[in-house]
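Shown next, in structure tokens, is the structure this report addresses.
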Amino acid sequence: GTVSGTPGYIDPSSFTSKITVKAIYDYQARHDDELSFCKHAIITNVNKQDGGWWRGDYGGKRQHWFPSNYVEEIEPQQDRDDSSTDSMFLGNLQKGSLDVMGAVVELAVTGRPGLEWVLRIQVPSMCTVFEVAAPTRDQALEWMSAIKETAQTAIVRESQNKEMERTWRIAKEMSNLIIYCRSVAFNMERIRQKGFIYNEMSSFPETKAEKVICQQEGKFFLKYHQFQFSRVYPKGQRIDSSNYNPVPIWNTGCQMVALNYQTPDKAMQLNQSKFRLNGNCGYVLRPDFMFRSDYEPTEPSGLLG
């Protein structure tokens with residue numbers, strides 16, 4: 001029965017979920033009630049169910065099943081530009097995004113009054129063709145031109161990113177996550193002209209380090225190590241895998257002093273004792289006095305504070 005005109009049963013499918021997800025892997029349906037989708041596909045009206053399977057709408061199919069571990073939830077953006085939804089019958093549900101990389105756009109004519117001009121957009125990341133209609137031919141052509149121009153710009157930008165990766169040997173995905181140091185040949189004149197570059201690092205054999213870092217250009221490298229990383233490694237003539245004294249090089253601020261770990265000599269004992277200061281985690285903070293302008297590595301009186 002009903003009470004005050006309220007139906008006794010409400011079809012759950014009549015409600016529209018605000019949850020939207022994005023596919024992070026391809027998935028091919030194994031049953032008729034499942035969704036098939038490509039990576040980056042947007043699934044709307046998602047209802048979370050137990051057992052690792054959710055239901056949602058995609059590709060003309062409503063409330064079909066899909067594995068929840070193949071998608072990631074998209075955060076709602078209700079607070080952004082709310083005024084623009086006032087003229088939208090479906091509000092935020094009429095908003096969305098489309099990856100136009102490699103998009104192929106075609107103009108077609110249909111018999112729908114007021115929406116005769118249809119753009120059919122096919123992109124590699126979608127299994128089905130995306131259609132959008134316009135009331136006039138001029139408006140459809142304007143959108144078609146804008147989509148093609150944007151797609152071409154995206155291709156050029158992607159090509160530039162790949163060229164950068166080949167030239168600089170830095171993966172863009174990696175550089176977006178962390179500060180990735182690029183290995184470069186040490187050039188003191190270049191640094192003096194352009195300044196210190198925090199994401200570049202240089203390597204030195206022990207002989208060059210002891211001569212240049214510890215003796216000839218000690219003051220320069222004290223400043224250098226406040227901005228950039230350096231690495232020192234054993235010279236190639238150590239065929240017996242012996243080690244050099246790491247202490248003078250540590251004292252100039254060098255962050256990475258590589259040793260022959262297979263040889264338990266005095267240098268390795270010094271290395272092990274130094275990193276016990278921080279539980280053998282492999283990282284020890286430099287003391288504050290090493291950053292003072294009057295710090296002198298060879299003067300014991302300056303090793304305080």
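Every chain in the structure tokens has a letter given in the order shown (A, B, ...), and although residue numbers restart at 1 in each chain, ligands are simply numbered from 1 in the order shown.
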Give me the residues within 12 Å of Ser175 in chain A as a PyMOL selection string, counting only C-alpha atoms and dropping any in the same chain fewer than 5 places off. chain A and resi 161+164-165+168-170+180-182+199
Writing out the chosen residues with C-alpha atoms as a PDB file, in the first residue's frame:
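Result written to selection_34.pdb:
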```
ATOM      1  CA  ASN A 161      57.934  14.995 -23.420  1.00  0.00           C
ATOM      2  CA  MET A 164      62.937  15.353 -23.255  1.00  0.00           C
ATOM      3  CA  GLU A 165      63.040  11.872 -21.718  1.00  0.00           C
ATOM      4  CA  TRP A 168      67.714  14.234 -20.354  1.00  0.00           C
ATOM      5  CA  ARG A 169      67.189  10.576 -19.446  1.00  0.00           C
ATOM      6  CA  ILE A 170      64.354  11.495 -17.099  1.00  0.00           C
ATOM      7  CA  TYR A 180      65.036  13.221  -9.756  1.00  0.00           C
ATOM      8  CA  CYS A 181      68.752  14.074  -9.906  1.00  0.00           C
ATOM      9  CA  ARG A 182      70.403  13.965 -13.311  1.00  0.00           C
ATOM     10  CA  ASN A 199      68.657  18.443  -9.407  1.00  0.00           C
TER      11      ASN A 199
END
```
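Here the residues within range 158-232 of chain A that DSSP labels strand (DSSP E or B) on the basis of the backbone are Arg182, Ser183, Glu200, Met201, Ser202, Ser203, Phe204, Pro205, Phe229, Ser230, Arg231 and Val232 of chain A.
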For the selection just defined, write its residues with C-alpha atoms to a file, as a compact mmCIF listing (two decimals), in the first residue's frame.
```txt
# COMPACT_ATOMS: atom_id res chain seq x y z
CA ARG A 182 70.40 13.96 -13.31
CA SER A 183 74.00 12.79 -13.51
CA GLU A 200 72.07 17.80 -10.97
CA MET A 201 74.78 15.67 -9.40
CA SER A 202 78.34 14.70 -10.34
CA SER A 203 80.60 11.74 -9.55
CA PHE A 204 84.32 11.81 -8.77
CA PRO A 205 86.97 9.10 -8.40
CA PHE A 229 74.78 16.17 -4.47
CA SER A 230 78.12 14.59 -5.26
CA ARG A 231 79.31 10.99 -5.23
CA VAL A 232 82.83 9.68 -4.70
```
Which polymer residues have any atom within 8 Å of an atom of range 41-44 of chain A, counting only C-alpha atoms, with same-chain residues fewer than 3 positions away left out, as a VMD selection string? chain A and resid 17 to 23 37 to 38 56 to 58 125 to 126
Got time to write the residues from that selection, C-alpha atoms, as a short mmCIF file (atom, residue, chain, number, x, y, z; two decimals), in the first residue's frame?
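Final output, saved to out36.cif:
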```cif
data_model
loop_
_atom_site.label_atom_id
_atom_site.label_comp_id
_atom_site.auth_asym_id
_atom_site.auth_seq_id
_atom_site.Cartn_x
_atom_site.Cartn_y
_atom_site.Cartn_z
CA SER A 17 24.64 7.78 -7.49
CA LYS A 18 27.11 10.64 -7.26
CA ILE A 19 30.06 8.24 -7.33
CA THR A 20 32.13 8.23 -10.53
CA VAL A 21 35.19 6.08 -11.18
CA LYS A 22 37.97 5.93 -13.75
CA ALA A 23 39.35 2.67 -15.12
CA PHE A 37 35.87 -1.05 -20.75
CA CYS A 38 39.31 0.27 -21.64
CA GLY A 56 27.73 1.25 -12.75
CA ASP A 57 26.76 2.78 -16.08
CA TYR A 58 29.03 2.78 -19.13
CA SER A 125 41.37 5.06 -24.69
CA MET A 126 37.63 4.39 -25.22
#
```
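Of the listed residues (A:Met144, A:Val104, A:Val109, A:Ala134), A:Val104 comes nearest to Ile121 in chain A; the distances count only C-alpha atoms.
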Selection near Val132 in chain A, 12 Å with only C-alpha atoms, sequence-local residues under 4 positions removed, as a list in words: Gln94, Leu98, Val105, Glu106, Leu107, Ala108, Val109, Thr110, Leu115, Glu116, Trp117, Val118, Leu119, Arg120, Ile121, Gln122, Gln139, Ala140, Trp143, Met144 and Ile147 of chain A
I need the residues from that last selection saved to file as a PDB file, in the first residue's frame (with C-alpha atoms), if you can.
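The result, written out as selection.pdb:
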```pdb
ATOM      1  CA  GLN A  94      26.567  17.072 -17.456  1.00  0.00           C
ATOM      2  CA  LEU A  98      37.531  13.459 -22.506  1.00  0.00           C
ATOM      3  CA  VAL A 105      36.393  13.364 -35.279  1.00  0.00           C
ATOM      4  CA  GLU A 106      33.619  12.942 -37.858  1.00  0.00           C
ATOM      5  CA  LEU A 107      30.586  15.126 -38.586  1.00  0.00           C
ATOM      6  CA  ALA A 108      27.256  13.391 -39.198  1.00  0.00           C
ATOM      7  CA  VAL A 109      23.636  14.442 -39.709  1.00  0.00           C
ATOM      8  CA  THR A 110      20.724  12.884 -37.815  1.00  0.00           C
ATOM      9  CA  LEU A 115      20.212  18.407 -32.688  1.00  0.00           C
ATOM     10  CA  GLU A 116      20.759  17.442 -36.294  1.00  0.00           C
ATOM     11  CA  TRP A 117      24.534  17.900 -36.306  1.00  0.00           C
ATOM     12  CA  VAL A 118      26.445  15.197 -34.465  1.00  0.00           C
ATOM     13  CA  LEU A 119      30.176  14.879 -33.811  1.00  0.00           C
ATOM     14  CA  ARG A 120      31.398  11.300 -33.498  1.00  0.00           C
ATOM     15  CA  ILE A 121      34.637  11.202 -31.508  1.00  0.00           C
ATOM     16  CA  GLN A 122      36.758   8.052 -31.412  1.00  0.00           C
ATOM     17  CA  GLN A 139      28.639  25.345 -34.097  1.00  0.00           C
ATOM     18  CA  ALA A 140      29.426  21.700 -34.852  1.00  0.00           C
ATOM     19  CA  TRP A 143      33.712  22.311 -31.989  1.00  0.00           C
ATOM     20  CA  MET A 144      35.216  19.910 -34.525  1.00  0.00           C
ATOM     21  CA  ILE A 147      38.857  19.266 -30.794  1.00  0.00           C
TER      22      ILE A 147
END
```
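Each of A:Lys208, A:Leu177, A:Tyr224, A:Ala103 was checked against Arg192 in chain A using only C-alpha atoms; the smallest atom-to-atom distance is that of A:Tyr224.
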So, counting only C-alpha atoms, which residue among A:Val123, A:Gly60, A:Lys194, A:Arg112 is closest to His40 in chain A? A:Val123
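Straight-line separation from CA of Gly282 in chain A to CA of Ala258 in chain A: 11.8 Å.
Distance check against Glu73 in chain A using only C-alpha atoms: of A:Asn45, A:Lys274, A:Leu259, A:Tyr27, the minimum falls on A:Asn45.
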Residues flagged alpha helix (DSSP H) by DSSP in range 150-265 of chain A, as a ChimeraX atom specification: /A:150-168,172-177,188-194,206-208,218-224,247-251
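Note that CA of Asp33 in chain A and CA of Gly51 in chain A are 15.9 Å apart.
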Pick out the closest residue to Asp32 in chain A from this set: A:Lys266, A:Lys235, A:Arg55, A:His64. Count only C-alpha atoms. A:His64
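Candidate residues A:Asn176, A:Ser145, A:Asn278, A:Thr298 were compared for distance to Gly218 in chain A, and the nearest is A:Thr298, using only C-alpha atoms.
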Need to verify the contact set: range 240-245 of chain A, 12 Å, only C-alpha atoms, exclusion of same-chain residues closer than 2 positions in sequence. Can you return it as number ranges by chain? A: 205-207, 209-210, 214, 232-238, 247-251, 257-271
